[in-house]
Structure formats: structure tokens, C-alpha cells
file final27.txt (compact mmCIF, C-alpha atoms)
# COMPACT_ATOMS: atom_id res chain seq x y z
CA MET A 543 -40.04 29.53 11.33
CA ALA A 544 -37.31 28.97 8.76
CA GLN A 545 -33.78 30.03 9.61
CA PRO A 546 -32.37 32.78 7.39
CA ARG A 547 -29.87 31.26 4.98
CA ASP A 548 -26.18 31.97 5.34
CA PRO A 549 -25.22 33.71 2.09
CA TYR A 550 -21.71 32.25 2.37
CA THR A 551 -22.76 28.61 2.09
CA ASN A 552 -24.61 26.62 -0.50
CA GLN A 553 -28.33 27.29 -0.39
CA GLY A 554 -29.76 23.88 -1.27
CA ASP A 555 -31.75 25.27 -4.17
CA GLY A 556 -31.38 26.51 -7.76
CA ARG A 557 -28.87 29.18 -6.71
CA ASP A 558 -26.32 26.42 -6.08
CA THR A 559 -24.77 26.55 -9.51
CA PRO A 560 -21.52 24.64 -10.05
CA ALA A 561 -19.70 28.00 -9.98
CA ARG A 562 -21.21 28.91 -6.60
CA GLN A 563 -20.38 25.46 -5.23
CA LYS A 564 -16.74 25.92 -6.29
CA LEU A 565 -16.54 29.31 -4.59
CA VAL A 566 -18.13 27.99 -1.39
CA ALA A 567 -15.68 25.05 -1.39
CA LEU A 568 -12.74 27.44 -1.82
CA ARG A 569 -14.02 29.68 0.97
CA GLN A 570 -14.45 26.75 3.35
CA ALA A 571 -10.98 25.39 2.55
CA LEU A 572 -9.42 28.82 3.11
CA LEU A 573 -11.22 29.28 6.43
CA ARG A 574 -9.97 25.89 7.66
CA LEU A 575 -6.44 26.71 6.49
CA HIS A 576 -6.58 30.13 8.14
CA LYS A 577 -7.64 28.61 11.46
CA THR A 578 -4.87 26.01 11.27
CA LEU A 579 -2.26 28.68 10.50
CA LEU A 580 -3.62 30.92 13.25
CA ASP A 581 -3.41 28.05 15.75
CA MET A 582 0.19 27.37 14.66
CA GLU A 583 1.19 31.03 15.05
CA ARG A 584 -0.55 31.20 18.43
CA ARG A 585 1.38 28.14 19.68
CA ASP A 586 4.65 29.69 18.51
CA TYR A 587 3.79 33.04 20.07
CA GLU A 588 2.78 31.44 23.38
CA LYS A 589 5.98 29.34 23.51
CA ALA A 590 8.01 32.53 23.28
CA ARG A 591 5.86 34.89 25.35
CA GLY A 592 3.34 32.95 27.44
CA VAL A 593 -0.33 32.09 27.14
CA VAL A 594 -2.68 34.69 25.64
CA THR A 595 -6.42 35.07 26.11
CA THR A 596 -8.86 35.08 23.20
CA GLY A 597 -9.08 38.88 23.45
CA GLU A 598 -5.31 39.22 23.40
CA LEU A 599 -5.15 36.87 20.42
CA PHE A 600 -7.62 39.05 18.55
CA ARG A 601 -5.41 42.09 19.18
CA LEU A 602 -2.33 40.16 18.08
CA VAL A 603 -3.99 39.00 14.86
CA VAL A 604 -4.82 42.62 14.02
CA ASP A 605 -1.62 44.32 15.24
CA ASP A 606 1.32 41.95 15.71
CA PRO A 607 3.80 41.48 12.85
CA GLN A 608 4.00 37.72 13.53
CA PHE A 609 0.36 37.37 12.46
CA ALA A 610 0.33 40.02 9.68
CA TRP A 611 0.97 37.54 6.87
CA LEU A 612 -2.37 35.85 7.65
CA HIS A 613 -4.22 39.02 6.61
CA ASN A 614 -3.84 37.89 2.97
CA ILE A 615 -6.13 34.94 3.67
CA SER A 616 -8.67 37.05 5.56
CA GLU A 617 -8.84 39.56 2.72
CA PHE A 618 -9.20 36.75 0.18
CA VAL A 619 -12.16 35.29 2.10
CA VAL A 620 -13.80 38.73 2.30
CA ARG A 621 -13.63 39.04 -1.51
CA ILE A 622 -15.22 35.60 -1.88
CA ASP A 623 -17.92 36.61 0.62
CA GLU A 624 -18.71 39.67 -1.48
CA ALA A 625 -19.17 37.51 -4.58
CA LEU A 626 -21.33 34.99 -2.72
CA ALA A 627 -23.53 37.69 -1.18
CA SER A 628 -24.19 39.33 -4.55
CA ASP A 629 -27.81 39.31 -5.69
CA GLU A 630 -26.62 38.65 -9.24
CA GLY A 631 -25.50 35.08 -8.56
CA VAL A 632 -22.08 33.54 -9.13
CA THR A 633 -20.89 33.14 -12.71
CA GLU A 634 -18.20 30.75 -13.94
CA GLU A 635 -15.88 33.76 -14.23
CA ASP A 636 -16.67 34.74 -10.61
CA ALA A 637 -15.38 31.32 -9.55
CA ARG A 638 -12.54 30.93 -12.07
CA VAL A 639 -10.70 34.12 -11.14
CA PRO A 640 -10.48 33.52 -7.35
CA ILE A 641 -9.49 29.88 -7.88
CA ALA A 642 -6.73 30.94 -10.30
CA LEU A 643 -5.51 33.61 -7.87
CA ALA A 644 -5.61 31.19 -4.93
CA ARG A 645 -3.64 28.64 -6.96
CA LYS A 646 -0.90 31.28 -7.38
CA LEU A 647 -1.05 32.67 -3.83
CA PHE A 648 -0.98 29.26 -2.17
CA ALA A 649 2.00 27.98 -4.15
CA PRO A 650 4.49 27.60 -1.31
CA THR A 651 8.02 28.51 -2.32
CA GLU A 652 11.17 29.51 -0.49
CA THR A 653 11.83 32.18 -3.09
CA GLY A 654 8.32 33.61 -3.49
CA ASP A 655 6.79 36.78 -2.11
CA GLY A 656 6.47 37.30 1.64
CA PHE A 657 3.26 35.31 1.96
CA GLN A 658 4.46 32.39 -0.16
CA LYS A 659 7.66 32.15 1.89
CA GLN A 660 5.78 32.22 5.18
CA TYR A 661 3.37 29.62 3.84
CA PHE A 662 6.29 27.44 2.67
CA TYR A 663 7.80 27.52 6.18
CA ALA A 664 4.42 26.84 7.79
CA ILE A 665 4.06 23.69 5.68
CA GLN A 666 7.55 22.62 6.79
CA ARG A 667 6.77 22.93 10.49
CA ASP A 668 3.15 21.87 11.00
CA PRO A 669 1.58 18.63 9.73
CA ALA A 670 -1.91 20.11 10.17
CA VAL A 671 -0.99 22.81 7.62
CA VAL A 672 0.17 20.08 5.24
CA MET A 673 -3.25 18.43 5.52
CA GLU A 674 -5.14 21.67 4.83
CA HIS A 675 -2.80 22.47 1.93
CA ALA A 676 -3.54 19.03 0.48
CA GLU A 677 -7.26 19.87 0.54
CA LEU A 678 -6.59 23.11 -1.35
CA VAL A 679 -4.49 21.26 -3.93
CA ARG A 680 -7.29 18.72 -4.36
CA LEU A 681 -9.71 21.58 -5.00
CA PHE A 682 -7.28 23.18 -7.49
CA ASN A 683 -6.77 19.86 -9.27
CA ASN A 684 -10.53 19.68 -9.92
CA GLU A 685 -10.21 22.85 -12.01
CA PRO A 686 -8.53 23.36 -15.37
CA PRO A 687 -5.15 25.10 -15.17
CA ASP A 688 -5.34 28.87 -15.47
CA ALA A 689 -5.00 29.72 -19.15
CA GLU A 690 -3.34 33.03 -18.32
CA GLY A 691 -0.33 31.23 -16.77
call {"tool": "encode", "arguments": {"input": "final27.txt", "output": "C-alpha cells"}}
result
Amino acid sequence: MAQPRDPYTNQGDGRDTPARQKLVALRQALLRLHKTLLDMERRDYEKARGVVTTGELFRLVVDDPQFAWLHNISEFVVRIDEALASDEGVTEEDARVPIALARKLFAPTETGDGFQKQYFYAIQRDPAVVMEHAELVRLFNNEPPDAEG
């Protein structure tokens, strides 16, 4: 019996338009980055307060201010999931808009909004974050610059 397909990955058939492939690639890159950032925050938290269980970590991710900045990434992935799960398919516009927004959100800067500042500092302190950021930049560089600036 065939396994049901994961709507959040490429399907291996005609539904895998270039736009869908771009969105899936962005989603996968964001999930890897999110895990890397979560691991970094967990290490920092545990250095200061002691080891936490998986259940405690889940509670921290939801409730603790140290982890709150990561919610931006979670929410971004949920929006991508909604587009990928749509029965209407993924259009070029469906892929262009999230990529343009991600390009702006994941522009690390010391003077940016709260997320961009936190992301800037994460890149400064964890080489694994640098590697995941490089993958995002590679993905962005495969796309034309956002015409809206």
C-alpha cells in the first residue's frame, strides 16, 4: 500500500512546479535553521539553569522569553505549510512573496528589529547558525532581487 504523501515536501509528480520546489526548499532551510537556533538557545539556557528534559524544553519554547524570538520562524513555516497544503497548487507569486519576506526577515543586523538583532547575535556566537544562514543566502541568491525593495 502506498504511503500518503507529505503535503509539505515535493511530490515527485506534476505538482512539483518550480514555484512549489522553491517553497519546499525555503521551508526545509527554515526548519534546519530553527532547529539549530533552538539547540543554541537550549545550550545557553542549560549553561545558566541546568539540564532540561524534552518536555521542559517544549514548555520553554512556548513560554520563556529567551525562546520567544524563535516564534517568528515557526509562524513563517506555518504560512508556507498552508500554501503547500492548498489544493490550488503553488503559483510563482505564492513562492515569490515568502522568499522576498524571508530575505528581509533573515537580514541580520545590529540595528534591525528585535528578531534581526537576535539573529545577528546568534550568527556571531554559533558557527552552526552561520552554516544554516549560508544555505538561506544561497537560496535567496537563486532568486531575483525583490522588485519592491
call {"tool": "atom_distance", "arguments": {"input": "final27.txt", "atom1": "atom CA of Val594 of chain A", "atom2": "atom CA of Ile615 of chain A"}}
result
22.2 Å
call {"tool": "atom_distance", "arguments": {"input": "final27.txt", "atom1": "atom CA of Leu626 of chain A", "atom2": "atom CA of Phe609 of chain A"}}
result
26.6 Å
call {"tool": "atom_distance", "arguments": {"input": "final27.txt", "atom1": "atom CA of Thr596 of chain A", "atom2": "atom CA of Pro669 of chain A"}}
result
23.7 Å
call {"tool": "closest_residue", "arguments": {"input": "final27.txt", "among": "A:Leu572, A:Asp605, A:Arg557, A:Tyr663", "to": "Val620 of chain A", "atoms": "only C-alpha atoms"}}
result
A:Leu572
call {"tool": "residues_around", "arguments": {"input": "final27.txt", "residues": "Leu573 of chain A", "least_positions_apart": "4", "cutoff": "9 Å", "atoms": "all atoms listed in the file", "output": "MDAnalysis selection string"}}
result
chainID A and resid 568:569 577:578 615:616 619
call {"tool": "write_last_selection", "arguments": {"input": "final27.txt", "atoms": "C-alpha atoms", "output": "JSON list (two decimals), in the coordinates of the input"}}
result
[["chain", "number", "residue", "atom", "x", "y", "z"],
["A", 568, "LEU", "CA", -12.74, 27.44, -1.82],
["A", 569, "ARG", "CA", -14.02, 29.68, 0.97],
["A", 577, "LYS", "CA", -7.64, 28.61, 11.46],
["A", 578, "THR", "CA", -4.87, 26.01, 11.27],
["A", 615, "ILE", "CA", -6.13, 34.94, 3.67],
["A", 616, "SER", "CA", -8.67, 37.05, 5.56],
["A", 619, "VAL", "CA", -12.16, 35.29, 2.10]]
call {"tool": "closest_residue", "arguments": {"input": "final27.txt", "among": "A:Ile665, A:Ala670, A:Ala590, A:Leu678", "to": "Arg645 of chain A", "atoms": "only C-alpha atoms"}}
result
A:Leu678
call {"tool": "closest_residue", "arguments": {"input": "final27.txt", "among": "A:Leu580, A:Val672, A:Ala644, A:Ala625", "to": "Leu602 of chain A", "atoms": "only C-alpha atoms"}}
result
A:Leu580
call {"tool": "closest_residue", "arguments": {"input": "final27.txt", "among": "A:Gln608, A:Asn614, A:Thr551, A:Gln563", "to": "Asp655 of chain A", "atoms": "all atoms listed in the file"}}
result
A:Asn614
call {"tool": "closest_residue", "arguments": {"input": "final27.txt", "among": "A:Ala571, A:Val603, A:Val632, A:Ala610", "to": "Thr559 of chain A", "atoms": "only C-alpha atoms"}}
result
A:Val632
call {"tool": "residues_near_point", "arguments": {"input": "final27.txt", "point": "(-13.7, 31.8, -6.9)", "cutoff": "9 Å", "atoms": "only C-alpha atoms", "output": "list in words"}}
result
Ala561, Arg562, Lys564, Leu565, Val566, Ala567, Leu568, Arg569, Ile622, Ala625, Val632, Glu634, Glu635, Asp636, Ala637, Arg638, Val639, Pro640, Ile641, Ala642, Leu643 and Ala644 of chain A
call {"tool": "closest_residue", "arguments": {"input": "final27.txt", "among": "A:Ala627, A:Pro650, A:Lys589, A:Arg584", "to": "Asp606 of chain A", "atoms": "all atoms listed in the file"}}
result
A:Arg584
call {"tool": "residues_around", "arguments": {"input": "final27.txt", "residues": "Gln658 of chain A", "least_positions_apart": "4", "cutoff": "8 Å", "atoms": "all atoms listed in the file", "output": "short mmCIF file (atom, residue, chain, number, x, y, z; two decimals) with C-alpha atoms, in the coordinates of the input"}}
result
data_model
loop_
_atom_site.label_atom_id
_atom_site.label_comp_id
_atom_site.auth_asym_id
_atom_site.auth_seq_id
_atom_site.Cartn_x
_atom_site.Cartn_y
_atom_site.Cartn_z
CA LEU A 647 -1.05 32.67 -3.83
CA PHE A 648 -0.98 29.26 -2.17
CA ALA A 649 2.00 27.98 -4.15
CA PRO A 650 4.49 27.60 -1.31
CA THR A 651 8.02 28.51 -2.32
CA GLU A 652 11.17 29.51 -0.49
CA THR A 653 11.83 32.18 -3.09
CA GLY A 654 8.32 33.61 -3.49
CA PHE A 662 6.29 27.44 2.67
#
